[in-house]
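> So here's input12.cif, just mmCIF, N, CA and C atoms:
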```cif
data_target
#
loop_
_atom_site.label_atom_id
_atom_site.label_comp_id
_atom_site.auth_asym_id
_atom_site.auth_seq_id
_atom_site.Cartn_x
_atom_site.Cartn_y
_atom_site.Cartn_z
N MET A 1 0.83 -1.19 0.00
CA MET A 1 0.00 0.00 0.00
C MET A 1 0.87 1.25 0.00
N SER A 2 1.90 1.26 0.81
CA SER A 2 2.78 2.42 0.89
C SER A 2 3.52 2.65 -0.41
N ASN A 3 3.89 1.55 -1.09
CA ASN A 3 4.58 1.67 -2.36
C ASN A 3 3.66 2.29 -3.41
N LEU A 4 2.39 1.90 -3.43
CA LEU A 4 1.42 2.48 -4.36
C LEU A 4 1.22 3.96 -4.07
N LYS A 5 1.10 4.30 -2.80
CA LYS A 5 0.93 5.70 -2.40
C LYS A 5 2.15 6.52 -2.80
N ASN A 6 3.32 5.96 -2.63
CA ASN A 6 4.56 6.64 -2.99
C ASN A 6 4.62 6.88 -4.49
N ASN A 7 4.25 5.88 -5.29
CA ASN A 7 4.26 6.02 -6.74
C ASN A 7 3.23 7.04 -7.21
N ILE A 8 2.08 7.08 -6.56
CA ILE A 8 1.06 8.07 -6.92
C ILE A 8 1.57 9.48 -6.63
N PHE A 9 2.21 9.69 -5.50
CA PHE A 9 2.79 11.00 -5.20
C PHE A 9 3.80 11.42 -6.26
N LEU A 10 4.64 10.50 -6.67
CA LEU A 10 5.66 10.81 -7.67
C LEU A 10 5.04 11.13 -9.02
N ILE A 11 4.08 10.33 -9.47
CA ILE A 11 3.44 10.56 -10.77
C ILE A 11 2.67 11.87 -10.77
N LEU A 12 1.91 12.14 -9.71
CA LEU A 12 1.17 13.40 -9.63
C LEU A 12 2.10 14.60 -9.57
N SER A 13 3.21 14.46 -8.92
CA SER A 13 4.18 15.55 -8.85
C SER A 13 4.74 15.87 -10.23
N VAL A 14 5.07 14.85 -10.99
CA VAL A 14 5.59 15.07 -12.35
C VAL A 14 4.51 15.69 -13.25
N ILE A 15 3.29 15.18 -13.18
CA ILE A 15 2.20 15.71 -14.00
C ILE A 15 1.93 17.17 -13.65
N LEU A 16 1.88 17.49 -12.37
CA LEU A 16 1.64 18.87 -11.97
C LEU A 16 2.79 19.79 -12.36
N SER A 17 4.01 19.28 -12.34
CA SER A 17 5.15 20.09 -12.79
C SER A 17 5.02 20.43 -14.27
N LEU A 18 4.68 19.44 -15.07
CA LEU A 18 4.50 19.69 -16.50
C LEU A 18 3.33 20.64 -16.75
N PHE A 19 2.24 20.44 -16.04
CA PHE A 19 1.08 21.30 -16.20
C PHE A 19 1.40 22.74 -15.79
N SER A 20 2.17 22.89 -14.71
CA SER A 20 2.54 24.25 -14.29
C SER A 20 3.45 24.92 -15.31
N LEU A 21 4.35 24.17 -15.93
CA LEU A 21 5.20 24.74 -16.98
C LEU A 21 4.36 25.19 -18.17
N ILE A 22 3.37 24.41 -18.54
CA ILE A 22 2.48 24.79 -19.65
C ILE A 22 1.72 26.06 -19.30
N LEU A 23 1.16 26.12 -18.09
CA LEU A 23 0.39 27.31 -17.68
C LEU A 23 1.27 28.55 -17.61
N LEU A 24 2.47 28.42 -17.06
CA LEU A 24 3.36 29.57 -16.99
C LEU A 24 3.79 30.02 -18.39
N SER A 25 4.00 29.08 -19.29
CA SER A 25 4.34 29.43 -20.67
C SER A 25 3.17 30.14 -21.36
N LEU A 26 1.96 29.65 -21.14
CA LEU A 26 0.79 30.32 -21.71
C LEU A 26 0.66 31.74 -21.16
N GLY A 27 0.94 31.91 -19.89
CA GLY A 27 0.90 33.26 -19.31
C GLY A 27 1.93 34.17 -19.93
N LEU A 28 3.13 33.65 -20.20
CA LEU A 28 4.16 34.47 -20.85
C LEU A 28 3.78 34.82 -22.28
N PHE A 29 3.22 33.85 -23.00
CA PHE A 29 2.79 34.13 -24.38
C PHE A 29 1.66 35.16 -24.41
N GLU A 30 0.74 35.05 -23.48
CA GLU A 30 -0.35 36.01 -23.41
C GLU A 30 0.17 37.40 -23.05
N LEU A 31 1.13 37.44 -22.14
CA LEU A 31 1.74 38.72 -21.77
C LEU A 31 2.48 39.34 -22.95
N GLN A 32 3.18 38.51 -23.71
CA GLN A 32 3.92 39.01 -24.87
C GLN A 32 2.96 39.44 -25.98
N ARG A 33 1.86 38.73 -26.15
CA ARG A 33 0.90 39.07 -27.21
C ARG A 33 0.20 40.38 -26.91
N VAL A 34 -0.24 40.55 -25.68
CA VAL A 34 -0.99 41.75 -25.31
C VAL A 34 -0.05 42.90 -24.96
N GLY A 35 1.05 42.58 -24.31
CA GLY A 35 2.02 43.60 -23.91
C GLY A 35 1.77 44.16 -22.53
N ASP A 36 0.74 43.73 -21.86
CA ASP A 36 0.42 44.20 -20.52
C ASP A 36 -0.27 43.06 -19.77
N PHE A 37 -0.24 43.10 -18.44
CA PHE A 37 -0.93 42.10 -17.66
C PHE A 37 -2.44 42.29 -17.81
N ASN A 38 -3.10 41.25 -18.20
CA ASN A 38 -4.55 41.27 -18.24
C ASN A 38 -5.08 40.09 -17.43
N ALA A 39 -6.39 39.89 -17.45
CA ALA A 39 -7.00 38.85 -16.62
C ALA A 39 -6.53 37.46 -17.05
N PHE A 40 -6.40 37.22 -18.35
CA PHE A 40 -6.00 35.89 -18.81
C PHE A 40 -4.56 35.57 -18.41
N SER A 41 -3.66 36.50 -18.59
CA SER A 41 -2.26 36.22 -18.25
C SER A 41 -2.09 36.03 -16.75
N MET A 42 -2.79 36.82 -15.95
CA MET A 42 -2.71 36.66 -14.49
C MET A 42 -3.30 35.32 -14.06
N ASP A 43 -4.39 34.91 -14.69
CA ASP A 43 -4.98 33.60 -14.37
C ASP A 43 -4.01 32.46 -14.68
N TYR A 44 -3.33 32.57 -15.82
CA TYR A 44 -2.35 31.54 -16.18
C TYR A 44 -1.20 31.51 -15.18
N PHE A 45 -0.70 32.67 -14.80
CA PHE A 45 0.42 32.73 -13.86
C PHE A 45 0.02 32.18 -12.49
N ILE A 46 -1.13 32.58 -12.00
CA ILE A 46 -1.57 32.12 -10.67
C ILE A 46 -1.83 30.61 -10.69
N SER A 47 -2.48 30.13 -11.75
CA SER A 47 -2.73 28.68 -11.86
C SER A 47 -1.41 27.91 -11.96
N GLY A 48 -0.47 28.45 -12.72
CA GLY A 48 0.83 27.80 -12.84
C GLY A 48 1.58 27.74 -11.52
N LEU A 49 1.50 28.83 -10.75
CA LEU A 49 2.17 28.85 -9.45
C LEU A 49 1.51 27.91 -8.45
N VAL A 50 0.19 27.80 -8.50
CA VAL A 50 -0.52 26.87 -7.62
C VAL A 50 -0.13 25.42 -7.97
N CYS A 51 -0.12 25.11 -9.25
CA CYS A 51 0.28 23.76 -9.67
C CYS A 51 1.73 23.46 -9.29
N LEU A 52 2.60 24.46 -9.43
CA LEU A 52 4.00 24.27 -9.07
C LEU A 52 4.16 24.04 -7.57
N SER A 53 3.42 24.79 -6.76
CA SER A 53 3.53 24.59 -5.31
C SER A 53 2.96 23.22 -4.90
N LEU A 54 1.87 22.78 -5.54
CA LEU A 54 1.35 21.44 -5.26
C LEU A 54 2.35 20.37 -5.68
N SER A 55 3.04 20.60 -6.78
CA SER A 55 4.06 19.65 -7.23
C SER A 55 5.19 19.56 -6.22
N PHE A 56 5.64 20.70 -5.69
CA PHE A 56 6.68 20.70 -4.67
C PHE A 56 6.21 19.97 -3.41
N TYR A 57 4.97 20.18 -3.01
CA TYR A 57 4.44 19.52 -1.82
C TYR A 57 4.40 18.00 -2.01
N LEU A 58 3.93 17.55 -3.17
CA LEU A 58 3.86 16.11 -3.43
C LEU A 58 5.24 15.48 -3.52
N SER A 59 6.20 16.21 -4.09
CA SER A 59 7.55 15.65 -4.14
C SER A 59 8.17 15.61 -2.74
N TYR A 60 7.82 16.57 -1.88
CA TYR A 60 8.27 16.54 -0.48
C TYR A 60 7.69 15.32 0.23
N GLN A 61 6.40 15.04 0.02
CA GLN A 61 5.78 13.87 0.63
C GLN A 61 6.42 12.58 0.13
N HIS A 62 6.74 12.53 -1.16
CA HIS A 62 7.41 11.36 -1.75
C HIS A 62 8.77 11.16 -1.07
N ARG A 63 9.51 12.24 -0.89
CA ARG A 63 10.84 12.17 -0.26
C ARG A 63 10.72 11.70 1.19
N LYS A 64 9.70 12.19 1.90
CA LYS A 64 9.51 11.80 3.30
C LYS A 64 9.18 10.32 3.42
N ILE A 65 8.36 9.80 2.52
CA ILE A 65 8.03 8.37 2.55
C ILE A 65 9.27 7.54 2.24
N MET A 66 10.07 7.98 1.27
CA MET A 66 11.28 7.24 0.94
C MET A 66 12.26 7.24 2.11
N LYS A 67 12.38 8.36 2.81
CA LYS A 67 13.28 8.44 3.95
C LYS A 67 12.82 7.50 5.07
N LEU A 68 11.52 7.46 5.33
CA LEU A 68 11.00 6.55 6.35
C LEU A 68 11.22 5.09 5.97
N ARG A 69 11.08 4.80 4.68
CA ARG A 69 11.30 3.43 4.23
C ARG A 69 12.75 3.02 4.42
N LEU A 70 13.69 3.94 4.17
CA LEU A 70 15.10 3.62 4.33
C LEU A 70 15.49 3.51 5.80
N LEU A 71 14.86 4.32 6.66
CA LEU A 71 15.19 4.26 8.08
C LEU A 71 14.75 2.95 8.72
N GLY A 72 13.69 2.35 8.23
CA GLY A 72 13.15 1.15 8.84
C GLY A 72 13.87 -0.12 8.46
N ARG A 73 14.95 -0.07 7.73
CA ARG A 73 15.61 -1.27 7.26
C ARG A 73 16.76 -1.73 8.16
N HIS A 74 16.98 -1.08 9.27
CA HIS A 74 18.06 -1.52 10.15
C HIS A 74 17.68 -1.27 11.60
N LEU A 75 18.40 -1.94 12.46
CA LEU A 75 18.23 -1.81 13.90
C LEU A 75 19.54 -1.29 14.46
N THR A 76 19.49 -0.22 15.24
CA THR A 76 20.70 0.37 15.80
C THR A 76 20.99 -0.27 17.15
N ILE A 77 22.21 -0.76 17.31
CA ILE A 77 22.63 -1.49 18.50
C ILE A 77 23.68 -0.68 19.25
N THR A 78 23.58 -0.65 20.57
CA THR A 78 24.57 -0.02 21.43
C THR A 78 25.31 -1.12 22.20
N VAL A 79 26.65 -1.07 22.14
CA VAL A 79 27.48 -2.06 22.84
C VAL A 79 28.04 -1.39 24.10
N ILE A 80 27.81 -2.04 25.24
CA ILE A 80 28.27 -1.53 26.53
C ILE A 80 29.36 -2.46 27.05
N LYS A 81 30.49 -1.88 27.50
CA LYS A 81 31.60 -2.67 28.03
C LYS A 81 32.05 -2.10 29.37
N CYS A 82 32.77 -2.95 30.10
CA CYS A 82 33.35 -2.54 31.38
C CYS A 82 34.70 -1.87 31.11
N SER A 83 35.02 -0.84 31.91
CA SER A 83 36.28 -0.13 31.72
C SER A 83 37.47 -0.88 32.31
N ASN A 84 37.22 -1.88 33.12
CA ASN A 84 38.29 -2.68 33.71
C ASN A 84 38.83 -3.64 32.64
N PRO A 85 40.15 -3.58 32.31
CA PRO A 85 40.68 -4.44 31.25
C PRO A 85 40.64 -5.94 31.58
N SER A 86 40.67 -6.27 32.87
CA SER A 86 40.64 -7.70 33.22
C SER A 86 39.22 -8.26 33.21
N CYS A 87 38.23 -7.41 33.24
CA CYS A 87 36.82 -7.85 33.20
C CYS A 87 36.38 -7.91 31.74
N ASN A 88 35.70 -8.97 31.36
CA ASN A 88 35.28 -9.11 29.97
C ASN A 88 33.77 -8.94 29.82
N PHE A 89 33.16 -8.14 30.69
CA PHE A 89 31.71 -7.92 30.61
C PHE A 89 31.38 -7.10 29.37
N LYS A 90 30.41 -7.59 28.63
CA LYS A 90 29.96 -6.91 27.42
C LYS A 90 28.46 -7.13 27.28
N GLU A 91 27.73 -6.07 26.93
CA GLU A 91 26.29 -6.16 26.78
C GLU A 91 25.87 -5.39 25.53
N GLU A 92 24.91 -5.94 24.81
CA GLU A 92 24.35 -5.26 23.64
C GLU A 92 22.88 -4.99 23.90
N ARG A 93 22.46 -3.79 23.54
CA ARG A 93 21.05 -3.44 23.69
C ARG A 93 20.65 -2.53 22.54
N GLU A 94 19.35 -2.29 22.43
CA GLU A 94 18.86 -1.40 21.38
C GLU A 94 19.24 0.05 21.71
N PHE A 95 19.54 0.81 20.68
CA PHE A 95 19.94 2.20 20.84
C PHE A 95 18.83 3.01 21.49
N LYS A 96 19.21 3.89 22.41
CA LYS A 96 18.28 4.82 23.04
C LYS A 96 18.71 6.24 22.70
N VAL A 97 17.76 7.14 22.61
CA VAL A 97 18.08 8.54 22.33
C VAL A 97 18.96 9.07 23.45
N GLY A 98 20.06 9.72 23.09
CA GLY A 98 21.00 10.24 24.07
C GLY A 98 22.25 9.40 24.21
N ASP A 99 22.27 8.22 23.58
CA ASP A 99 23.46 7.37 23.62
C ASP A 99 24.56 7.98 22.77
N TYR A 100 25.78 7.93 23.28
CA TYR A 100 26.95 8.34 22.51
C TYR A 100 28.15 7.54 23.03
N ILE A 101 29.17 7.42 22.19
CA ILE A 101 30.34 6.62 22.52
C ILE A 101 31.08 7.25 23.70
N PHE A 102 31.55 6.42 24.61
CA PHE A 102 32.27 6.77 25.84
C PHE A 102 31.36 7.39 26.91
N LYS A 103 30.04 7.28 26.76
CA LYS A 103 29.12 7.75 27.78
C LYS A 103 29.14 6.75 28.94
N ARG A 104 29.27 7.25 30.16
CA ARG A 104 29.27 6.40 31.34
C ARG A 104 27.84 5.98 31.63
N ILE A 105 27.64 4.66 31.79
CA ILE A 105 26.30 4.11 31.99
C ILE A 105 26.03 3.79 33.46
N GLY A 106 27.00 3.24 34.13
CA GLY A 106 26.80 2.83 35.51
C GLY A 106 27.95 1.95 35.96
N GLN A 107 27.66 1.03 36.89
CA GLN A 107 28.68 0.14 37.41
C GLN A 107 28.50 -1.27 36.85
N CYS A 108 29.64 -1.94 36.67
CA CYS A 108 29.67 -3.30 36.15
C CYS A 108 29.10 -4.25 37.20
N PRO A 109 28.22 -5.18 36.79
CA PRO A 109 27.67 -6.13 37.76
C PRO A 109 28.69 -7.19 38.19
N LYS A 110 29.77 -7.37 37.41
CA LYS A 110 30.78 -8.37 37.75
C LYS A 110 31.84 -7.83 38.71
N CYS A 111 32.45 -6.69 38.34
CA CYS A 111 33.61 -6.21 39.10
C CYS A 111 33.41 -4.82 39.69
N ASN A 112 32.25 -4.23 39.58
CA ASN A 112 31.94 -2.88 40.07
C ASN A 112 32.79 -1.79 39.41
N GLY A 113 33.34 -2.07 38.22
CA GLY A 113 34.03 -1.04 37.46
C GLY A 113 33.01 -0.18 36.72
N ASP A 114 33.49 0.83 36.00
CA ASP A 114 32.60 1.71 35.25
C ASP A 114 32.16 1.05 33.94
N LEU A 115 30.88 1.15 33.65
CA LEU A 115 30.35 0.72 32.36
C LEU A 115 30.26 1.93 31.44
N TYR A 116 30.66 1.75 30.20
CA TYR A 116 30.57 2.85 29.23
C TYR A 116 30.13 2.29 27.88
N ILE A 117 29.64 3.17 27.03
CA ILE A 117 29.23 2.75 25.69
C ILE A 117 30.49 2.63 24.85
N TYR A 118 30.72 1.43 24.36
CA TYR A 118 31.92 1.13 23.59
C TYR A 118 31.74 1.43 22.11
N SER A 119 30.57 1.05 21.56
CA SER A 119 30.32 1.31 20.14
C SER A 119 28.81 1.34 19.87
N ILE A 120 28.47 1.95 18.74
CA ILE A 120 27.10 2.01 18.26
C ILE A 120 27.15 1.64 16.78
N TYR A 121 26.30 0.68 16.38
CA TYR A 121 26.32 0.27 14.98
C TYR A 121 24.90 -0.09 14.53
N ALA A 122 24.72 -0.15 13.22
CA ALA A 122 23.42 -0.51 12.63
C ALA A 122 23.49 -1.95 12.13
N GLN A 123 22.47 -2.69 12.46
CA GLN A 123 22.37 -4.09 12.03
C GLN A 123 21.20 -4.20 11.08
N PRO A 124 21.42 -4.70 9.84
CA PRO A 124 20.31 -4.79 8.89
C PRO A 124 19.26 -5.80 9.35
N LEU A 125 18.01 -5.46 9.12
CA LEU A 125 16.92 -6.36 9.46
C LEU A 125 16.71 -7.36 8.33
N LYS A 126 16.37 -8.58 8.71
CA LYS A 126 16.09 -9.61 7.72
C LYS A 126 14.61 -9.54 7.35
N LYS A 127 14.32 -9.78 6.08
CA LYS A 127 12.93 -9.72 5.64
C LYS A 127 12.19 -10.99 6.00
#
```
For this file, produce the structure as structure tokens.


Amino acid sequence: MSNLKNNIFLILSVILSLFSLILLSLGLFELQRVGDFNAFSMDYFISGLVCLSLSFYLSYQHRKIMKLRLLGRHLTITVIKCSNPSCNFKEEREFKVGDYIFKRIGQCPKCNGDLYIYSIYAQPLKK
């Protein structure tokens, strides 16, 4: 369903872009023919600008859907290790907002040393 919606946004954006170019060109031809702004040329310009803005909006929505689709393809993992070199405690958990490398998390359950974030990586999800 999302793929169909995404394709519709893209197709409508292209159609509206072409339509806005035609309307803006007609407005320019009308302006050149008459030599002054009249009701027809202003109508063409305003319609062309409305179609162009709708085209930009639809392409923005298409881009947003594509970005969300790309973000959902991986899982971010945070690796936590003990700062004591003789302790081999290591834990992996899902990334939380605010995590950064070398952030102190707490105390090690094995040796009471400091726990810190050792690395953060993305793991691809399987379909």

> Please report the interatomic distance between atom N of Ser13 of chain A and atom C of Ser59 of chain A in Å with one decimal.

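Those two atoms sit 8.0 Å apart.
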
> Please, what distance in Å, to one decimal, runs between atom C of Phe29 of chain A and atom N of Ile46 of chain A?

13.0 Å

> Which distance in Å separates atom CA of Gln32 of chain A and atom CA of Ser20 of chain A, to one decimal?

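Between atom CA of Gln32 of chain A and atom CA of Ser20 of chain A the gap is 18.2 Å.
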
> Report as a list in words the full result of the PyMOL selection byres ((chain A and resi 100-108) around 6.5) when it is applied to this structure.

Cys82, Gly98, Asp99, Pro109, Lys110, Cys111, Asn112, Gly113, Asp114, Leu115, Tyr116, Ile117, Tyr118, Ser119 and Ile120 of chain A

> Return as a PyMOL selection string the full set of residues in segment 5-123 of chain A whose backbone-based DSSP assignment is helix (DSSP H, G or I).

chain A and resi 5-34+39-71

> For a quick check of understanding, using all atoms listed in the file, which of A:Ile15, A:Leu58, A:Tyr44, A:Tyr121 has the smallest distance to Leu28 of chain A?

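Smallest distance to Leu28 of chain A is found for A:Tyr44.
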
> Determine the nearest neighbour of Leu23 of chain A from the options A:Phe40, A:Phe89, A:Phe56, A:Phe95, counting only C-alpha atoms.

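Among the listed residues, A:Phe40 lies closest to Leu23 of chain A.
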
> Pick out the closest residue to Tyr57 of chain A from this set: A:Phe9, A:Cys87, A:Gly35, A:Phe45. Count all atoms listed in the file.

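Checking each candidate against Tyr57 of chain A, we get A:Phe9 as the closest.
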
> Decode the PyMOL selection byres ((chain A and resi 92) around 5) for the given file into explicit residues and return them as a PyMOL selection string.

chain A and resi 78-80+90-91+93-94

> List as a PyMOL selection string the protein and nucleic acid residues near Lys5 of chain A, meaning an atom at most 8 Å away when all atoms listed in the file are counted, but skip any in the same chain fewer than 4 places from it.

chain A and resi 1+9-11+61-62
